[in-house]
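Heads up, work-v2.txt below (compact mmCIF, C-alpha atoms):
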```
# COMPACT_ATOMS: atom_id res chain seq x y z
CA MET D 30 159.13 218.72 79.37
CA LYS D 31 157.41 217.57 76.21
CA ASP D 32 157.04 214.09 74.75
CA CYS D 33 159.04 213.83 71.54
CA GLY D 34 156.70 211.75 69.42
CA LYS D 35 157.51 208.64 67.44
CA PRO D 36 161.06 207.42 66.83
CA SER D 37 162.51 208.13 63.40
CA SER D 38 164.68 205.06 62.96
CA GLY D 39 161.98 202.62 61.91
CA PHE D 40 162.40 200.63 65.11
CA VAL D 41 159.00 200.73 66.78
CA HIS D 42 157.68 199.54 70.11
CA MET D 43 155.58 196.44 69.49
CA GLY D 44 153.23 196.97 72.42
CA ASN D 45 150.72 199.71 73.26
CA ALA D 46 151.64 203.35 72.76
CA VAL D 47 153.24 204.82 75.89
CA ASN D 48 154.01 208.43 76.78
CA SER D 49 157.61 208.56 77.95
CA ILE D 50 157.07 211.44 80.38
CA ASP D 51 154.23 209.64 82.17
CA LEU D 52 156.19 206.39 82.11
CA ALA D 53 159.26 207.95 83.75
CA ARG D 54 157.16 209.47 86.51
CA ARG D 55 155.45 206.15 87.24
CA VAL D 56 158.79 204.31 87.22
CA ARG D 57 160.08 206.74 89.84
CA MET D 58 157.00 206.32 92.02
CA LEU D 59 157.03 202.54 91.78
CA SER D 60 160.76 202.40 92.53
CA LEU D 61 160.22 204.47 95.66
CA GLU D 62 157.37 202.22 96.80
CA MET D 63 159.25 198.99 96.09
CA THR D 64 162.41 199.98 97.91
CA HIS D 65 160.43 201.43 100.82
CA ARG D 66 158.36 198.28 101.24
CA MET D 67 161.40 196.05 101.70
CA ASN D 68 163.81 198.66 103.10
CA ALA D 69 165.95 198.02 100.03
CA SER D 70 168.80 200.04 98.54
CA HIS D 71 169.57 201.91 95.33
CA VAL D 72 166.56 204.17 94.93
CA GLY D 73 168.86 207.06 93.97
CA THR D 74 170.22 205.21 90.96
CA CYS D 75 166.71 204.14 89.94
CA LEU D 76 165.59 207.76 89.87
CA SER D 77 168.62 208.92 87.88
CA MET D 78 168.01 206.50 85.00
CA ALA D 79 164.19 206.53 84.92
CA ASP D 80 164.08 208.89 81.95
CA ILE D 81 166.51 206.75 79.95
CA LEU D 82 164.49 203.60 80.59
CA ALA D 83 161.23 205.38 79.81
CA VAL D 84 162.40 206.62 76.42
CA LEU D 85 163.80 203.22 75.51
CA TYR D 86 160.57 201.40 76.34
CA ALA D 87 158.18 204.10 75.12
CA GLY D 88 159.13 203.83 71.48
CA VAL D 89 162.83 203.41 70.74
CA ALA D 90 163.39 199.73 71.51
CA ARG D 91 161.95 197.13 69.19
CA VAL D 92 160.42 194.76 71.73
CA ASP D 93 157.18 192.85 72.17
CA PRO D 94 155.94 192.34 75.75
CA ALA D 95 153.73 189.47 74.58
CA ARG D 96 156.81 187.72 73.16
CA PRO D 97 159.73 188.46 75.48
CA ASP D 98 161.85 185.80 73.74
CA TRP D 99 161.13 187.05 70.21
CA SER D 100 164.34 186.33 68.33
CA ASP D 101 164.53 189.63 66.44
CA ARG D 102 163.97 191.89 69.44
CA ASP D 103 166.45 194.56 70.39
CA ARG D 104 168.58 193.51 73.36
CA LEU D 105 168.44 195.79 76.40
CA ILE D 106 170.96 195.05 79.14
CA LEU D 107 171.06 196.80 82.50
CA SER D 108 174.72 196.52 83.43
CA LYS D 109 174.11 198.52 86.62
CA GLY D 110 171.92 195.70 87.87
CA HIS D 111 171.50 197.23 91.33
CA GLY D 112 168.93 199.53 89.67
CA ALA D 113 166.66 196.52 89.17
CA ALA D 114 163.62 198.15 90.80
CA ALA D 115 163.40 200.72 88.00
CA LEU D 116 163.89 198.06 85.32
CA TYR D 117 161.16 195.85 86.80
CA ALA D 118 158.87 198.86 87.09
CA VAL D 119 159.21 199.83 83.43
CA LEU D 120 158.82 196.23 82.27
CA ALA D 121 155.61 195.87 84.27
CA ARG D 122 154.23 199.18 83.04
CA VAL D 123 154.66 198.26 79.37
CA GLY D 124 153.16 194.81 79.83
CA PHE D 125 155.89 192.21 80.25
CA PHE D 126 154.22 191.01 83.47
CA ASP D 127 151.45 192.00 85.87
CA GLU D 128 152.28 195.15 87.81
CA ALA D 129 150.95 193.52 91.00
CA ARG D 130 154.06 191.33 91.02
CA LEU D 131 156.15 194.36 91.89
CA GLU D 132 154.89 194.03 95.44
CA SER D 133 157.08 190.94 95.81
CA PHE D 134 160.28 192.85 95.04
CA CYS D 135 163.15 191.61 97.24
CA GLY D 136 160.84 189.20 99.05
CA ASP D 137 161.82 185.66 100.04
CA GLY D 138 161.52 183.40 97.01
CA SER D 139 160.54 186.22 94.65
CA LEU D 140 161.82 186.24 91.08
CA LEU D 141 162.13 190.02 91.43
CA MET D 142 165.49 189.94 93.12
CA GLY D 143 167.32 193.03 94.36
CA HIS D 144 169.68 192.84 91.38
CA ALA D 145 168.38 192.21 87.87
CA SER D 146 167.45 188.57 87.27
CA HIS D 147 167.07 186.94 83.87
CA GLN D 148 164.21 184.86 85.29
CA VAL D 149 161.99 187.95 84.99
CA PRO D 150 160.26 188.38 81.60
CA GLY D 151 162.04 191.08 79.61
CA VAL D 152 165.34 190.86 81.50
CA GLU D 153 168.07 189.62 79.16
CA PHE D 154 170.81 188.80 81.67
CA SER D 155 171.29 188.65 85.42
CA THR D 156 173.52 191.58 86.33
CA GLY D 157 174.81 193.41 89.35
CA SER D 158 178.45 192.41 89.46
CA LEU D 159 179.59 195.63 87.84
CA GLY D 160 181.67 195.77 84.70
CA HIS D 161 180.14 192.83 82.83
CA GLY D 162 177.25 194.39 80.93
CA LEU D 163 179.22 195.99 78.12
CA SER D 164 180.92 192.67 77.35
CA LEU D 165 177.53 190.95 77.21
CA ALA D 166 176.23 193.64 74.88
CA CYS D 167 179.27 193.24 72.63
CA GLY D 168 178.41 189.56 72.32
CA THR D 169 174.78 190.14 71.41
CA ALA D 170 175.71 192.88 68.94
CA LEU D 171 178.36 190.74 67.23
CA ALA D 172 175.92 187.84 66.97
CA ALA D 173 173.35 190.10 65.32
CA LEU D 174 175.85 191.34 62.73
CA ARG D 175 176.94 187.81 61.88
CA GLN D 176 173.30 186.76 61.51
CA ALA D 177 172.56 189.80 59.31
CA SER D 178 169.87 190.83 61.78
CA ARG D 179 168.80 194.45 62.24
CA ARG D 180 168.44 194.07 66.00
CA ARG D 181 170.40 196.47 68.17
CA SER D 182 172.01 196.07 71.58
CA PHE D 183 171.50 198.76 74.22
CA VAL D 184 173.39 198.62 77.51
CA ILE D 185 173.03 201.00 80.47
CA LEU D 186 176.17 201.40 82.56
CA SER D 187 176.84 203.35 85.72
CA ASP D 188 179.65 205.88 85.80
CA GLY D 189 181.15 204.06 88.80
CA GLU D 190 181.50 200.80 86.90
CA CYS D 191 183.70 202.58 84.41
CA ASP D 192 186.33 202.09 87.13
CA GLU D 193 186.32 198.41 86.10
CA GLY D 194 188.99 197.11 83.73
CA SER D 195 186.52 194.72 82.11
CA THR D 196 184.51 197.72 80.88
CA TRP D 197 187.54 199.02 79.02
CA GLU D 198 188.39 195.61 77.57
CA ALA D 199 184.92 195.58 76.02
CA ALA D 200 185.40 199.19 74.92
CA LEU D 201 188.42 198.03 72.89
CA PHE D 202 186.57 195.03 71.47
CA ALA D 203 183.55 196.88 70.08
CA PRO D 204 185.26 199.25 67.61
CA HIS D 205 187.62 196.50 66.47
CA HIS D 206 184.60 194.44 65.40
CA ARG D 207 182.77 197.47 63.98
CA LEU D 208 179.73 196.97 66.19
CA GLU D 209 177.66 199.81 64.76
CA ASN D 210 174.50 198.22 66.21
CA LEU D 211 175.77 198.68 69.78
CA ILE D 212 174.86 201.65 71.94
CA ALA D 213 176.24 202.08 75.44
CA ILE D 214 174.40 204.56 77.66
CA ILE D 215 176.29 205.81 80.70
CA ASP D 216 174.20 207.12 83.58
CA TYR D 217 176.71 209.79 84.59
CA ASN D 218 175.21 211.06 87.84
CA GLY D 219 178.59 211.76 89.44
CA LEU D 220 178.09 209.63 92.55
CA GLN D 221 178.96 206.05 93.43
CA SER D 222 178.46 204.03 96.57
CA PHE D 223 180.98 205.78 98.85
CA GLY D 224 181.69 209.12 97.25
CA ARG D 225 181.79 211.40 94.25
CA ILE D 226 183.26 210.03 91.05
CA GLY D 227 185.95 212.70 90.96
CA ASP D 228 187.07 211.82 94.47
CA VAL D 229 186.97 208.01 94.22
CA LEU D 230 188.53 207.60 90.76
CA GLY D 231 188.26 210.44 88.27
CA LEU D 232 186.99 209.66 84.77
CA GLU D 233 187.63 212.94 83.00
CA PRO D 234 188.31 213.67 80.22
CA PHE D 235 185.65 211.00 79.83
CA ALA D 236 184.40 211.63 76.29
CA ASP D 237 187.96 211.88 74.99
CA LYS D 238 188.77 208.45 76.40
CA TRP D 239 185.91 206.84 74.47
CA ARG D 240 186.86 208.69 71.29
CA ALA D 241 190.45 207.48 71.66
CA PHE D 242 189.12 203.92 71.82
CA GLY D 243 187.29 204.45 68.51
CA TRP D 244 183.73 205.12 69.65
CA ARG D 245 181.22 207.61 68.32
CA VAL D 246 180.46 209.80 71.34
CA LEU D 247 177.26 211.71 72.11
CA GLU D 248 176.90 213.85 75.23
CA ILE D 249 173.36 214.67 76.36
CA ASP D 250 171.16 215.79 79.23
CA GLY D 251 170.01 212.41 80.55
CA HIS D 252 166.69 213.86 81.71
CA ASP D 253 165.70 215.56 78.45
CA HIS D 254 163.51 213.06 76.63
CA CYS D 255 164.00 214.70 73.24
CA GLN D 256 167.78 214.52 73.55
CA ILE D 257 167.64 210.92 74.76
CA ARG D 258 165.39 209.86 71.91
CA ALA D 259 167.44 211.63 69.26
CA ALA D 260 170.62 209.95 70.51
CA LEU D 261 169.16 206.45 70.77
CA ASP D 262 167.32 206.73 67.45
CA SER D 263 170.57 207.51 65.63
CA VAL D 264 171.88 203.94 65.85
CA PRO D 265 172.98 202.34 63.64
CA ASP D 266 174.70 205.14 61.81
CA ASP D 267 176.84 204.79 58.70
CA GLU D 268 180.26 204.93 60.32
CA GLY D 269 180.73 201.29 61.33
CA ARG D 270 181.42 202.36 64.91
CA PRO D 271 179.70 201.66 68.23
CA THR D 272 178.06 204.60 69.95
CA VAL D 273 178.39 205.69 73.56
CA VAL D 274 175.90 208.15 75.00
CA ILE D 275 177.23 209.99 78.04
CA ALA D 276 174.00 210.98 79.77
CA ARG D 277 174.52 213.65 82.41
CA THR D 278 172.02 212.89 85.15
CA VAL D 279 171.21 213.72 88.76
CA LYS D 280 171.14 210.97 91.34
CA GLY D 281 167.72 210.96 93.02
CA LYS D 282 166.21 213.02 90.17
CA GLY D 283 162.63 214.12 90.72
CA VAL D 284 162.60 214.14 94.51
CA SER D 285 164.09 217.36 95.87
CA PHE D 286 165.56 215.98 99.10
CA MET D 287 167.12 213.00 97.32
CA GLU D 288 168.75 214.85 94.44
CA ASN D 289 172.55 214.71 94.34
CA ALA D 290 172.63 213.23 97.85
CA LEU D 291 175.04 210.34 98.41
CA GLU D 292 173.03 208.72 101.24
CA TRP D 293 170.27 207.63 98.83
CA HIS D 294 172.55 205.07 97.26
CA TYR D 295 171.80 202.68 100.13
CA ARG D 296 169.01 204.35 102.08
CA ALA D 297 165.28 203.62 101.67
CA ALA D 298 162.54 206.16 102.30
CA ASP D 299 160.63 205.90 105.56
CA GLU D 300 156.87 206.46 105.67
CA ASP D 301 157.05 210.24 105.87
CA GLN D 302 159.77 210.51 103.22
CA LEU D 303 157.82 208.23 100.90
CA ARG D 304 154.70 210.36 101.31
CA ARG D 305 156.65 213.54 100.56
CA ALA D 306 158.44 212.00 97.56
CA LEU D 307 155.25 210.65 96.01
CA ALA D 308 153.55 213.99 96.55
CA GLU D 309 156.36 215.77 94.69
CA LEU D 310 156.20 213.33 91.79
CA GLY D 311 152.40 213.42 91.73
CA SER D 312 152.44 217.19 91.43
CA GLN D 313 154.49 216.83 88.24
CA ALA D 314 151.63 215.07 86.42
```

Output the structure of this file as structure tokens.
Amino acid sequence: MKDCGKPSSGFVHMGNAVNSIDLARRVRMLSLEMTHRMNASHVGTCLSMADILAVLYAGVARVDPARPDWSDRDRLILSKGHGAAALYAVLARVGFFDEARLESFCGDGSLLMGHASHQVPGVEFSTGSLGHGLSLACGTALAALRQASRRRSFVILSDGECDEGSTWEAALFAPHHRLENLIAIIDYNGLQSFGRIGDVLGLEPFADKWRAFGWRVLEIDGHDHCQIRAALDSVPDDEGRPTVVIARTVKGKGVSFMENALEWHYRAADEDQLRRALAELGSQA
């Protein structure tokens, strides 16, 4: 897989240059270590969205790690807040806080809670109660339009949380208000906590549903950095519509024995599994 160079939209990362491929690999390794250390859950979902996070923070998002509250920053919201380990890992790697703090993940009294916490530099909202993130992103996008600001709102949703009615209320709201600065990214890995999406509550025809609601729809390989960057760089477009990117991913991506395996939604790697997983990821360098 090749790195796809600089973004074309004029929105540039305000920190140091970062290679998205290297960043994704490190996010995966750190997520494995963090969840192993505290016997925490959700490593599978961290691995499935690592590439999306890496591309966002390696050049697409207009952010400044030295000024996490900069008023004209792009807003990045992790609606699937149970993937907090991956979010914390990418924020640390690009300089929002010292990477050594990751060792406190899920510890007593730590700001790095098991679900995304707004107390952590770079985290916009506390999330984890699924179905709320798209509504939050609608609010930040609408505020930007009314303030004539060029900032964009990115929100990463899980496929499972598209079972939630609140997600579809927000999906109606966004086209009505012509939120062309809003981009929803759906980590469509096909698995949720207790089963496959098609067995628990089928979403297909998924793209057609979003189009019927008035969204611009892009369908991509959620592990191809060039496709991810091209999709995210295309916002805003000239249609006055919000964009949804349906990113087809693999739960547990990058670790052979975790890929597309339901048990890694809640399971943490033991010592031997961690060693094997890190070895696999290290060999990809």

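Comparing D:Asp103, D:Glu153, D:Glu132, D:Glu292 by their smallest distance to Ser60 in chain D, the closest is D:Glu132 (using all atoms listed in the file).
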
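Proximity of D:Leu174, D:Gly189, D:Trp244, D:Ser108 to Ala145 in chain D, computed with only C-alpha atoms, is greatest for D:Ser108.
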
* **Residue contacts of Lys238 in chain D (12 Å, only C-alpha atoms) excluding same-chain residues fewer than 2 positions away, as a PyMOL selection string** => chain D and resi 191+197+200-201+232-236+240-246+273+275

Residues just named, written with C-alpha atoms as a PDB file, in the coordinates of the input:
```
ATOM      1  CA  CYS D 191     183.700 202.580  84.410  1.00  0.00           C
ATOM      2  CA  TRP D 197     187.540 199.020  79.020  1.00  0.00           C
ATOM      3  CA  ALA D 200     185.400 199.190  74.920  1.00  0.00           C
ATOM      4  CA  LEU D 201     188.420 198.030  72.890  1.00  0.00           C
ATOM      5  CA  LEU D 232     186.990 209.660  84.770  1.00  0.00           C
ATOM      6  CA  GLU D 233     187.630 212.940  83.000  1.00  0.00           C
ATOM      7  CA  PRO D 234     188.310 213.670  80.220  1.00  0.00           C
ATOM      8  CA  PHE D 235     185.650 211.000  79.830  1.00  0.00           C
ATOM      9  CA  ALA D 236     184.400 211.630  76.290  1.00  0.00           C
ATOM     10  CA  ARG D 240     186.860 208.690  71.290  1.00  0.00           C
ATOM     11  CA  ALA D 241     190.450 207.480  71.660  1.00  0.00           C
ATOM     12  CA  PHE D 242     189.120 203.920  71.820  1.00  0.00           C
ATOM     13  CA  GLY D 243     187.290 204.450  68.510  1.00  0.00           C
ATOM     14  CA  TRP D 244     183.730 205.120  69.650  1.00  0.00           C
ATOM     15  CA  ARG D 245     181.220 207.610  68.320  1.00  0.00           C
ATOM     16  CA  VAL D 246     180.460 209.800  71.340  1.00  0.00           C
ATOM     17  CA  VAL D 273     178.390 205.690  73.560  1.00  0.00           C
ATOM     18  CA  ILE D 275     177.230 209.990  78.040  1.00  0.00           C
TER      19      ILE D 275
END
```

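For the residues D:Ile249, D:Gln256, D:Val284, D:His65, ranking by smallest atom-to-atom distance to Asp299 in chain D using all atoms listed in the file places D:His65 first.
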
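Counting only C-alpha atoms and comparing D:Arg66, D:Arg55, D:Arg96, D:His161, the residue that lies closest to Val119 in chain D is D:Arg55.
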
* CA of Pro271 in chain D to CA of Gly168 in chain D, distance in Å rounded to a single decimal -> 12.8 Å

Compile a residue-level contact table for range 110-183 of chain D against range 202-222 of chain D at a cut-off of 7 Å, reporting for every qualifying residue the shortest atom pair and its distance in Å to one decimal, with all atoms listed in the file counted, rows ordered by chain and ascending number, as a Markdown table.
```
| residue | atom | partner | partner_atom | distance |
| --- | --- | --- | --- | --- |
| D:Cys167 | CA | D:Ala203 | CA | 6.2 |
| D:Ala170 | CA | D:Leu211 | CA | 5.9 |
| D:Leu171 | CA | D:Leu208 | CA | 6.5 |
| D:Arg181 | CA | D:Asn210 | CA | 4.9 |
| D:Ser182 | CA | D:Leu211 | CA | 4.9 |
| D:Phe183 | CA | D:Ile212 | CA | 5.0 |
```

What does the file look like for those residues with C-alpha atoms, as a tab-separated table (two decimals), in the coordinates of the input?
```tsv
chain	number	residue	atom	x	y	z
D	167	CYS	CA	179.27	193.24	72.63
D	170	ALA	CA	175.71	192.88	68.94
D	171	LEU	CA	178.36	190.74	67.23
D	181	ARG	CA	170.40	196.47	68.17
D	182	SER	CA	172.01	196.07	71.58
D	183	PHE	CA	171.50	198.76	74.22
```

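For the atom pair formed by CA of Ala83 in chain D and CA of Val56 in chain D, the distance is 7.9 Å, given to one decimal.
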
N, CA, C and O atoms restored at range 46-64 of chain D, emitted as a tab-separated table (two decimals), in the frame of the given file:
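Okay, this is what ended up in selection05.tsv:
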```
chain	number	residue	atom	x	y	z
D	46	ALA	N	150.97	202.06	72.73
D	46	ALA	CA	151.64	203.35	72.76
D	46	ALA	C	151.79	203.82	74.20
D	46	ALA	O	150.87	203.69	75.01
D	47	VAL	N	152.95	204.37	74.54
D	47	VAL	CA	153.24	204.82	75.89
D	47	VAL	C	153.85	206.21	75.82
D	47	VAL	O	154.70	206.48	74.97
D	48	ASN	N	153.42	207.10	76.68
D	48	ASN	CA	154.01	208.43	76.78
D	48	ASN	C	155.22	208.34	77.69
D	48	ASN	O	155.13	207.92	78.85
D	49	SER	N	156.37	208.76	77.20
D	49	SER	CA	157.61	208.56	77.95
D	49	SER	C	157.65	209.40	79.23
D	49	SER	O	158.23	208.98	80.24
D	50	ILE	N	157.05	210.59	79.20
D	50	ILE	CA	157.07	211.44	80.38
D	50	ILE	C	156.27	210.79	81.51
D	50	ILE	O	156.72	210.70	82.66
D	51	ASP	N	155.07	210.32	81.18
D	51	ASP	CA	154.23	209.64	82.17
D	51	ASP	C	154.91	208.36	82.67
D	51	ASP	O	154.86	208.04	83.86
D	52	LEU	N	155.53	207.64	81.74
D	52	LEU	CA	156.19	206.39	82.11
D	52	LEU	C	157.33	206.64	83.09
D	52	LEU	O	157.47	205.93	84.10
D	53	ALA	N	158.14	207.65	82.85
D	53	ALA	CA	159.26	207.95	83.75
D	53	ALA	C	158.76	208.31	85.14
D	53	ALA	O	159.33	207.88	86.15
D	54	ARG	N	157.70	209.08	85.20
D	54	ARG	CA	157.16	209.47	86.51
D	54	ARG	C	156.66	208.25	87.27
D	54	ARG	O	156.91	208.09	88.47
D	55	ARG	N	155.96	207.35	86.58
D	55	ARG	CA	155.45	206.15	87.24
D	55	ARG	C	156.60	205.23	87.66
D	55	ARG	O	156.54	204.60	88.73
D	56	VAL	N	157.64	205.13	86.85
D	56	VAL	CA	158.79	204.31	87.22
D	56	VAL	C	159.42	204.85	88.50
D	56	VAL	O	159.79	204.08	89.40
D	57	ARG	N	159.52	206.15	88.62
D	57	ARG	CA	160.08	206.74	89.84
D	57	ARG	C	159.20	206.42	91.06
D	57	ARG	O	159.70	206.04	92.12
D	58	MET	N	157.91	206.57	90.90
D	58	MET	CA	157.00	206.32	92.02
D	58	MET	C	157.03	204.86	92.44
D	58	MET	O	157.09	204.53	93.63
D	59	LEU	N	156.99	203.97	91.47
D	59	LEU	CA	157.03	202.54	91.78
D	59	LEU	C	158.36	202.14	92.42
D	59	LEU	O	158.39	201.32	93.34
D	60	SER	N	159.45	202.71	91.95
D	60	SER	CA	160.76	202.40	92.53
D	60	SER	C	160.82	202.83	93.99
D	60	SER	O	161.36	202.11	94.85
D	61	LEU	N	160.28	204.00	94.28
D	61	LEU	CA	160.22	204.47	95.66
D	61	LEU	C	159.39	203.53	96.54
D	61	LEU	O	159.79	203.18	97.65
D	62	GLU	N	158.25	203.11	96.03
D	62	GLU	CA	157.37	202.22	96.80
D	62	GLU	C	158.00	200.86	97.01
D	62	GLU	O	157.95	200.30	98.12
D	63	MET	N	158.64	200.32	95.98
D	63	MET	CA	159.25	198.99	96.09
D	63	MET	C	160.40	198.97	97.08
D	63	MET	O	160.50	198.07	97.91
D	64	THR	N	161.27	199.97	96.99
D	64	THR	CA	162.41	199.98	97.91
D	64	THR	C	161.97	200.30	99.33
D	64	THR	O	162.55	199.78	100.30
```
